[in-house]
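Take a look at the structure below.
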Amino acid sequence: MDLFLSIVIGGLLIGGIYSLVSMGLSLQYGVAKVLNIAHGEFLMVGAFLTFLLQQHGVDPLLTVVIIGPLLFVVGYILYRTIFTTIRLKAANPGIFESNALLAAFGLYFIVQNIGRLVWGTTPYSYSYLSGTVSLGGALFNDSRLVAAAFAVAVGAAFYLYLARTRTGKAIRAAAQDDTTAGLMGVDINNTLALCFGFGAAMAGVAGSLISICYPIYTTMGLGYTVIAIVVVTLGGLGSIPGSFIGGFILGVIGTAVTSWDAGLAVASYYVIFIVLLLVRPKGIMGK
Amino acid sequence: MVFSKINWKKVAITWGIPLVAVILVGFLPQYGSAYWVTRVSYFLMYIILAVAWTIFSGTTGYISLASAAFFGVGIYAAALLGESMPLIFVVLIGGAASFVLAFIFGAITLRLRGIYFAMFTFGLVLLFKELIYYYEINIEGLRGRFVVLQSNETIFYYLLGIFVVTMIVAYLIRRSKFGLALQSIGQNEEAAAHTGVNVTMVKILTFAISAIFMGAAGVIMATKWTYVDPGVAFNLMISFTPVLMAIFGGMGNIYGPVIGAVLFAYIQEVLTTGELQKYYMLIFGAVLIGAIVFMPNGLIGVIQKLVGLVRKWRKGGSVAQNANT
Amino acid sequence: MRILEGEKVTKYFGGLAAVSNVDFHVDEGEIFGLIGPNGAGKTTLFNLISGAFTPKSGIIKFKDKKISGLSPYKICRMGMARTFQEVKIFPAVPAIENVALGALFGTPKPMSPAKATKEAGELLDFVGFSVPKTIPAGGLTMANQKRVEVARALATQADMVLLDELMAGLTPTETAEAMELVSKIRDRGITVFMIEHVMKAIMGICDRIMVLHHGVKIAEGTPKEIAASKKVIEIYLGE
């Protein structure tokens with residue numbers, strides 16, 4: 001029972017981070033239609049920037065205030081330049097999606113290479129909160145709780161933003177049908193770029209949060225991208241709440257598999273992905 | 001591509017020139033140095049992968065990133081069977097195994113949207129790598145395997161042979177009704193389905209056929225590298241490079257990927273041996289983005305545009321002349 | 001003989017019934033019209049018939065065989081072809097090959113490429129296509145693209161064609177030509193089931209008409225009966 005609880009709680013804690021990362025990808029893929037394979041690289045950049053700032057004495061949680069907006073701007077510019085051009089040149093949405101995917105791979109290579117040049121491939125870490133908390137009989141690092149709570153808070157804040165503001169409504173409209181939204185007066189180029197920017201920001205913030213709990217290394221990104229893809233499929237394409245819930249589900253499953261055999265974690269995500277594609281490609285909350 | 005009467009002049013050019021080129025290249029081991037034989041062998045490998053990839057992905061628009069998975073299957077076929085049977089059989093088995101696996105995985109995922117398929121194929125490479133790694137380490141107690149060495153010449157001729165077969169198959173498919181079906185799927189899949197095309201079967205079969213050549217190439221390259229492990233066999237760059245080459249060269253006709261492969265293989269050689277080695281992935285990524293944004297129809301597309309512009313300019317020139325008289 | 005029949009056909013999207021318990025039938029050789037305000041479920045019904053969607057409940061039969069749940073390509077080979085509201089041609093492919101595709105894959109029995117090309121050429125003439133046939137379909141005018149779509153449907157040797165808003169976006173001259181084409185198609189012995197918004201066309205050439213509103217059939221009858229129906233007038237004026 002102890003083991004079970006520790007798996008569930010541990011899974012939920014990491015699940016909070018997965019949710020945040022996946023919501024970011026859901027915005028980029030579900031709305032802006034870019035399956036951003038470089039998503040994890042933004043996460044990595046966020047993690048390393050936090051590390052850098054932390055080494056200079058800045059509180060890691062505070063760095064989020066810088067990293068979020070910074071990566072938002074980077075993401076926005078990238079979409080406005082590269083992806084909008086691809087979108088306007090594409091003969092149909094299918095072609096746009098494939099070309100965008102390939103361009104995202106290009107981004108992946110570029111950012112990876114830069115990361116490796118600057119930081120090499122060794123892991124870095126720092127300690128943030130050294131206290132531990134006992135939950136359900138197992139010990140968890142305070143940092144993990146703080147990270148999870150923060151991630152959920154960001155997610156909730158964004159959800160409110162979607163529901164209450166005009167831009168948020170524009171995003172939801174674009175998510176449903178971008179052609180119609182455009183016809184109804186929504187500035188599509190801007191809205192989609194905003195989504196991509198928000199997605200990048202979420203990845204960066206997730207990276208910062210990860211850095212306070214775990215060691216970071218330049219090749220960490222791809223793993224989180226894979227997880228995000230599985231979660232987005234699990235939760236349902238185009239559904240932000242779906243990604244939110246899916247993140248927790250996958251966190252628990254992943255922790256369970258890892259406790260059994262660490263080497264099979266990635267394979268298990270992949271199996272889940274295949275099963276989803278076969279059985280219910282729409283996901284839990286997809287339309 | 002019209003099913004009309006045969007234009008013998010065109011046939012002579014379409015078939016004659018390549019035939020002559022192949023024969024000339026075929027004599028390379030006789031008059032060329034070992035260095036050149038090896039170099040051209042690598043070019044041939046990339047050409048095979050790029051052309052095979054284009055057979056399916058270039059026409060239907062479903063981006064496959066699984067080339068490395070099937071290539072790796074071929075490598076492991078060589079590793080497991082290379083000692084016990086003649087090379088030609090290993091090549092055939094490697095190709096057949098790739099066909100079967102591609103058929104199975106294609107059947108699973110080609111019913112869905114192109115983007116899911118792309119992600120799936122990407123993951124397939126990682127999955128194969130993880131699974132075989134797990135198996136080798138935990139069950140066989142090995143990390144890597146040794147493969148029977150073949151002579152440079154043998155490798156070269158096998159690659160040349162696979163290249164010729166790949167090109168012929170690519171050509172036959174493109175010019176047949178099958179090729180029209182593939183194009184229609186790429187242009188408007190729903191309309192193709194409603195016009196009587198069994199789109200699922202066409203996609204799966206074509207995907208599987210393209211995998212054959214990737215597997216066959218893998219078998220031969222294993223005999224060249226002689227030491228293989230899951231990392232070597234299932235290397236994502238083997239998936240990406242042919243894609244870049246095909247986009248670079250242009251997927252509109254069968255020579256596009258060939259041109260793209262030769263050019264980019266050359267560039268790659270330059271980049272990976274010099275000072276710029278550290279920046280290889282960065283340059284690769286930048287070229288990939290550049291090609292997609294600026295040359296979506298590849299070099300062939302650029303050339304076609306230029307030819308079109310020259311024609312217009314010529315016509316415009318004579319019209320202006322006429323107008324002045 | 002009833003070439004097409006539907007019984008209690010229903011389709012939901014999310015919680016909304018796009019098509020609800022619709023019964024219909026089309027007699028062989030007739031021109032059957034389907035009208036209704038936007039969002040009435042007309043194209044959804046076509047999609048259910050052509051196999052693009054599967055009905056949640058209800059049965060659709062073509063030539064007395066159940067087709068609900070079959071793949072589009074199978075239904076096409078059984079003798080039913082369609083055109084689309086958004087004109088789904090293959091833009092980078094020459095017009096004649098767009099049509100030839102139908103003859104190569106959509107016919108009950110396979111046809112040789114040479115014969116298919118010949119058929120395609122003849123059909124393009126039949127539909128009034130007057131520009132060079134090797135032009136890529138993407139470079140054609142809207143009217144010619146629609147001609148290509150119709151020719152492609154006919155190339156499958158269809159016994160019945162579903163025409164989805166053929167007249168949409170056409171000039172008055174082109175509309176008249178289209179109406180004539182529909183008559184010529186029927187004269188060849190092919191049954192026509194058409195969705196239309198252009199009232200003049202529908203009333204002018206259809207033998208019978210069905211009216212859908214919010215996914216429900218609210219009227220069916222001859223053009224005269226429909227024009228006189230209070231219910232129908234209400235839903236159009238009330239919009």
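Residue numbering restarts at 1 for every chain of the structure tokens, chains are lettered A, B, ... in their displayed order, and ligands are numbered from 1 as they appear.
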
Would you mind listing, as a count of residues only, all residues of chain C that have at least one atom within 10 Å of chain A, where only C-alpha atoms are what counts? 3

Tell me as a list of chain:residue names which residues belonging to chain B come within 6 Å of chain A, counting only C-alpha atoms. B:Met281, B:Leu282, B:Gly285, B:Leu288, B:Ile289, B:Val293

Could the residues in this selection be saved with N, CA and C atoms as a PDB file, in the first residue's frame?
ATOM      1  N   MET B 281      24.812  19.832 -36.861  1.00  0.00           N
ATOM      2  CA  MET B 281      23.366  19.767 -36.654  1.00  0.00           C
ATOM      3  C   MET B 281      22.719  21.129 -36.853  1.00  0.00           C
ATOM      4  N   LEU B 282      23.432  22.160 -36.437  1.00  0.00           N
ATOM      5  CA  LEU B 282      22.891  23.504 -36.559  1.00  0.00           C
ATOM      6  C   LEU B 282      22.690  23.869 -38.027  1.00  0.00           C
ATOM      7  N   GLY B 285      19.892  21.823 -39.513  1.00  0.00           N
ATOM      8  CA  GLY B 285      18.592  22.376 -39.149  1.00  0.00           C
ATOM      9  C   GLY B 285      18.274  23.632 -39.943  1.00  0.00           C
ATOM     10  N   LEU B 288      17.435  22.737 -43.471  1.00  0.00           N
ATOM     11  CA  LEU B 288      16.116  22.113 -43.527  1.00  0.00           C
ATOM     12  C   LEU B 288      15.027  23.184 -43.503  1.00  0.00           C
ATOM     13  N   ILE B 289      15.131  24.115 -42.545  1.00  0.00           N
ATOM     14  CA  ILE B 289      14.135  25.183 -42.470  1.00  0.00           C
ATOM     15  C   ILE B 289      14.166  26.035 -43.737  1.00  0.00           C
ATOM     16  N   VAL B 293      11.017  26.636 -46.263  1.00  0.00           N
ATOM     17  CA  VAL B 293      10.423  27.958 -46.394  1.00  0.00           C
ATOM     18  C   VAL B 293      10.635  28.536 -47.789  1.00  0.00           C
TER      19      VAL B 293
END

Taking only C-alpha atoms into account, what are the residues of chain C at most 6 Å from chain B, put as a PyMOL selection string? chain C and resi 72-73+76-77+88+90+102+105-106

Spatial neighbours of A:Ser125, max dist 9 Å, only C-alpha atoms, sep filter under 2 positions, as an MDAnalysis selection string: chainID A and resid 51 123 127 211:217

Would you mind writing down, as a ChimeraX atom specification, each residue of stretch 31-234 of chain C that DSSP on the backbone assigns to strand (DSSP E or B)? /C:31-35,57-62,65-66,80-82,94,136,160-164,191-195,208-213,216-221

Grab the residues selected above and save them as a short mmCIF file (atom, residue, chain, number, x, y, z; two decimals), in the first residue's frame with N, CA and C atoms.
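Result file out_5.cif:
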data_model
loop_
_atom_site.label_atom_id
_atom_site.label_comp_id
_atom_site.auth_asym_id
_atom_site.auth_seq_id
_atom_site.Cartn_x
_atom_site.Cartn_y
_atom_site.Cartn_z
N ILE C 31 -34.67 12.91 -61.10
CA ILE C 31 -33.79 13.94 -60.56
C ILE C 31 -34.42 14.36 -59.24
N PHE C 32 -33.74 14.07 -58.14
CA PHE C 32 -34.27 14.29 -56.81
C PHE C 32 -33.52 15.42 -56.15
N GLY C 33 -34.26 16.38 -55.61
CA GLY C 33 -33.61 17.55 -55.04
C GLY C 33 -33.64 17.55 -53.53
N LEU C 34 -32.64 18.20 -52.92
CA LEU C 34 -32.58 18.32 -51.47
C LEU C 34 -32.31 19.78 -51.15
N ILE C 35 -33.25 20.41 -50.47
CA ILE C 35 -33.04 21.81 -50.12
C ILE C 35 -33.24 22.01 -48.63
N SER C 57 -27.56 5.69 -36.27
CA SER C 57 -28.59 4.65 -36.37
C SER C 57 -29.31 4.85 -37.69
N GLY C 58 -30.01 3.82 -38.08
CA GLY C 58 -30.70 3.90 -39.37
C GLY C 58 -29.94 3.13 -40.43
N ILE C 59 -30.60 2.94 -41.56
CA ILE C 59 -30.00 2.13 -42.63
C ILE C 59 -30.08 2.88 -43.94
N ILE C 60 -29.05 2.73 -44.75
CA ILE C 60 -29.08 3.29 -46.10
C ILE C 60 -28.85 2.15 -47.07
N LYS C 61 -29.71 2.07 -48.08
CA LYS C 61 -29.55 0.99 -49.05
C LYS C 61 -29.44 1.54 -50.45
N PHE C 62 -28.52 0.97 -51.20
CA PHE C 62 -28.31 1.38 -52.58
C PHE C 62 -28.51 0.14 -53.44
N LYS C 65 -28.97 -2.98 -51.61
CA LYS C 65 -27.93 -3.54 -50.74
C LYS C 65 -27.57 -2.50 -49.69
N LYS C 66 -27.30 -2.96 -48.48
CA LYS C 66 -26.99 -2.02 -47.40
C LYS C 66 -25.61 -1.39 -47.63
N MET C 80 -22.13 4.54 -57.27
CA MET C 80 -22.57 5.85 -56.82
C MET C 80 -21.38 6.80 -56.75
N ALA C 81 -21.49 7.96 -57.38
CA ALA C 81 -20.40 8.93 -57.34
C ALA C 81 -20.93 10.26 -56.87
N ARG C 82 -20.04 11.15 -56.44
CA ARG C 82 -20.51 12.43 -55.94
C ARG C 82 -19.57 13.56 -56.28
N PRO C 94 -3.14 17.11 -64.22
CA PRO C 94 -3.84 17.56 -65.43
C PRO C 94 -5.31 17.18 -65.40
N PRO C 136 -3.28 21.67 -65.57
CA PRO C 136 -3.51 21.18 -64.19
C PRO C 136 -4.81 21.75 -63.66
N MET C 160 -25.73 6.46 -60.29
CA MET C 160 -26.34 7.56 -59.56
C MET C 160 -25.26 8.54 -59.14
N VAL C 161 -25.53 9.83 -59.33
CA VAL C 161 -24.56 10.83 -58.88
C VAL C 161 -25.19 11.76 -57.85
N LEU C 162 -24.39 12.09 -56.83
CA LEU C 162 -24.81 13.05 -55.82
C LEU C 162 -24.12 14.36 -56.16
N LEU C 163 -24.89 15.39 -56.45
CA LEU C 163 -24.28 16.69 -56.80
C LEU C 163 -24.52 17.66 -55.66
N ASP C 164 -23.42 18.10 -55.03
CA ASP C 164 -23.56 18.99 -53.88
C ASP C 164 -23.33 20.44 -54.30
N THR C 191 -29.31 8.37 -62.43
CA THR C 191 -30.16 9.03 -61.45
C THR C 191 -29.39 10.18 -60.81
N VAL C 192 -30.05 11.31 -60.59
CA VAL C 192 -29.38 12.46 -60.00
C VAL C 192 -30.02 12.83 -58.68
N PHE C 193 -29.19 13.01 -57.66
CA PHE C 193 -29.66 13.46 -56.35
C PHE C 193 -28.87 14.73 -56.09
N MET C 194 -29.55 15.86 -56.05
CA MET C 194 -28.80 17.10 -55.95
C MET C 194 -29.21 18.01 -54.80
N ILE C 195 -28.19 18.57 -54.14
CA ILE C 195 -28.41 19.60 -53.13
C ILE C 195 -28.28 20.93 -53.86
N ARG C 208 -38.78 15.44 -57.95
CA ARG C 208 -39.27 15.52 -56.58
C ARG C 208 -38.22 16.23 -55.73
N ILE C 209 -38.69 16.78 -54.61
CA ILE C 209 -37.78 17.53 -53.74
C ILE C 209 -38.03 17.14 -52.29
N MET C 210 -36.95 17.12 -51.51
CA MET C 210 -37.09 16.88 -50.07
C MET C 210 -36.53 18.11 -49.36
N VAL C 211 -37.18 18.50 -48.25
CA VAL C 211 -36.72 19.67 -47.52
C VAL C 211 -36.25 19.27 -46.12
N LEU C 212 -35.03 19.65 -45.77
CA LEU C 212 -34.51 19.39 -44.43
C LEU C 212 -34.40 20.70 -43.66
N HIS C 213 -34.61 20.61 -42.34
CA HIS C 213 -34.43 21.79 -41.49
C HIS C 213 -33.99 21.30 -40.13
N VAL C 216 -34.02 17.57 -39.70
CA VAL C 216 -35.27 16.81 -39.77
C VAL C 216 -35.94 17.06 -41.11
N LYS C 217 -36.56 16.00 -41.67
CA LYS C 217 -37.28 16.19 -42.93
C LYS C 217 -38.60 16.86 -42.62
N ILE C 218 -38.85 17.99 -43.26
CA ILE C 218 -40.12 18.65 -42.97
C ILE C 218 -41.08 18.64 -44.15
N ALA C 219 -40.58 18.28 -45.32
CA ALA C 219 -41.51 18.22 -46.46
C ALA C 219 -40.92 17.39 -47.58
N GLU C 220 -41.76 16.83 -48.40
CA GLU C 220 -41.30 16.07 -49.57
C GLU C 220 -42.39 16.08 -50.61
N GLY C 221 -42.01 16.28 -51.85
CA GLY C 221 -43.05 16.27 -52.88
C GLY C 221 -42.56 16.85 -54.18
#

Every residue of stretch 60-239 of chain C that DSSP places in alpha helix (DSSP H), as a PyMOL selection string: chain C and resi 72-77+95-105+113-126+142-155+172-187+199-205+223-228+230-237

Neighbours of C:Val22 within 6 Å (only C-alpha atoms; same-chain residues fewer than 2 positions away dropped), as a short mmCIF file (atom, residue, chain, number, x, y, z; two decimals) with N, CA and C atoms, in the first residue's frame?
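Heads up, here's the output in out-v1.cif:
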data_model
loop_
_atom_site.label_atom_id
_atom_site.label_comp_id
_atom_site.auth_asym_id
_atom_site.auth_seq_id
_atom_site.Cartn_x
_atom_site.Cartn_y
_atom_site.Cartn_z
N LYS C 8 -34.80 6.10 -41.24
CA LYS C 8 -34.47 6.60 -39.90
C LYS C 8 -32.98 6.91 -39.74
N VAL C 9 -32.42 7.56 -40.74
CA VAL C 9 -31.00 7.86 -40.71
C VAL C 9 -30.72 8.97 -39.71
N SER C 20 -31.58 13.71 -38.27
CA SER C 20 -32.37 13.04 -37.25
C SER C 20 -33.55 12.27 -37.83
N LYS C 217 -36.56 16.00 -41.67
CA LYS C 217 -37.28 16.19 -42.93
C LYS C 217 -38.60 16.86 -42.62
#

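From atom CA of B:Ala217 back to atom CA of B:Val37, the distance works out to 16.1 Å.
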
So which residues touch stretch 98-106 of chain B within 9 Å, counting only C-alpha atoms, skipping near sequence neighbours fewer than 2 positions away, as a ChimeraX atom specification? /B:66,69-71,73-74,93-96,108-111,117,121,124,203-216

So that I have them on file, write out the residues from the current selection with C-alpha atoms, as a CSV table (one decimal), in the first residue's frame.
chain,number,residue,atom,x,y,z
B,66,ALA,CA,10.8,5.6,-40.2
B,69,ALA,CA,13.8,1.8,-38.5
B,70,PHE,CA,13.8,-0.2,-41.7
B,71,PHE,CA,17.4,0.5,-42.5
B,73,VAL,CA,16.1,-3.9,-39.6
B,74,GLY,CA,18.4,-4.6,-42.6
B,93,ILE,CA,15.4,-11.3,-46.4
B,94,GLY,CA,16.3,-7.8,-45.1
B,95,GLY,CA,14.1,-6.3,-47.7
B,96,ALA,CA,11.3,-8.7,-47.1
B,108,ILE,CA,-2.0,0.4,-37.8
B,109,THR,CA,-1.3,4.1,-38.4
B,110,LEU,CA,-2.1,4.9,-42.0
B,111,ARG,CA,-5.8,5.0,-41.3
B,117,PHE,CA,1.7,9.0,-38.8
B,121,THR,CA,7.2,6.8,-37.5
B,124,LEU,CA,9.2,3.8,-34.3
B,203,LYS,CA,-0.9,3.8,-48.7
B,204,ILE,CA,0.0,0.7,-46.8
B,205,LEU,CA,1.4,-1.1,-49.8
B,206,THR,CA,3.4,1.8,-51.1
B,207,PHE,CA,4.8,2.4,-47.7
B,208,ALA,CA,5.8,-1.2,-47.4
B,209,ILE,CA,7.4,-1.3,-50.9
B,210,SER,CA,9.5,1.8,-50.1
B,211,ALA,CA,10.7,0.1,-47.0
B,212,ILE,CA,12.1,-2.9,-49.0
B,213,PHE,CA,14.9,-0.8,-50.4
B,214,MET,CA,15.7,0.8,-47.1
B,215,GLY,CA,16.1,-2.6,-45.6
B,216,ALA,CA,18.2,-3.9,-48.5

For A:Leu129: contacts at 12 Å, only C-alpha atoms, fewer than 2 positions along chain excluded, given as a PyMOL selection string: chain A and resi 59-61+126-127+131-133+140-147+211-214

Would you put the residues from that selection into a file with C-alpha atoms, as an mmCIF file, in the first residue's frame?
data_model
loop_
_atom_site.group_PDB
_atom_site.id
_atom_site.type_symbol
_atom_site.label_atom_id
_atom_site.label_comp_id
_atom_site.auth_asym_id
_atom_site.auth_seq_id
_atom_site.Cartn_x
_atom_site.Cartn_y
_atom_site.Cartn_z
ATOM 1 C CA ASP A 59 15.733 32.670 -6.640
ATOM 2 C CA PRO A 60 14.732 30.037 -9.181
ATOM 3 C CA LEU A 61 11.025 30.658 -8.807
ATOM 4 C CA TYR A 126 21.551 22.815 -7.788
ATOM 5 C CA SER A 127 19.600 22.401 -4.624
ATOM 6 C CA GLY A 131 13.275 19.901 3.266
ATOM 7 C CA THR A 132 11.104 16.875 2.795
ATOM 8 C CA VAL A 133 7.494 16.199 3.423
ATOM 9 C CA PHE A 140 8.930 13.781 -1.006
ATOM 10 C CA ASN A 141 11.254 16.665 -1.532
ATOM 11 C CA ASP A 142 9.679 20.067 -0.832
ATOM 12 C CA SER A 143 10.907 21.255 -4.189
ATOM 13 C CA ARG A 144 8.712 18.734 -5.956
ATOM 14 C CA LEU A 145 5.625 20.015 -4.197
ATOM 15 C CA VAL A 146 6.454 23.595 -4.912
ATOM 16 C CA ALA A 147 7.115 22.811 -8.564
ATOM 17 C CA SER A 211 15.448 22.416 -12.660
ATOM 18 C CA ILE A 212 14.574 22.982 -9.033
ATOM 19 C CA CYS A 213 13.824 19.292 -8.488
ATOM 20 C CA TYR A 214 15.988 17.319 -10.854
#

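Reported to one decimal place, the separation of atom CA of C:Gly15 from atom CA of A:Ser239 is 16.7 Å.
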
Selection: 12 Å around B:Ile132, only C-alpha atoms, excl. self and same-chain fewer than 2 positions, as number ranges by chain: A: 263-264, 267; B: 69, 72-73, 76, 124-130, 134-145, 228-234

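Taking atom CA of A:Leu27 as the reference point, atom CA of A:Leu162 is found at 11.2 Å.
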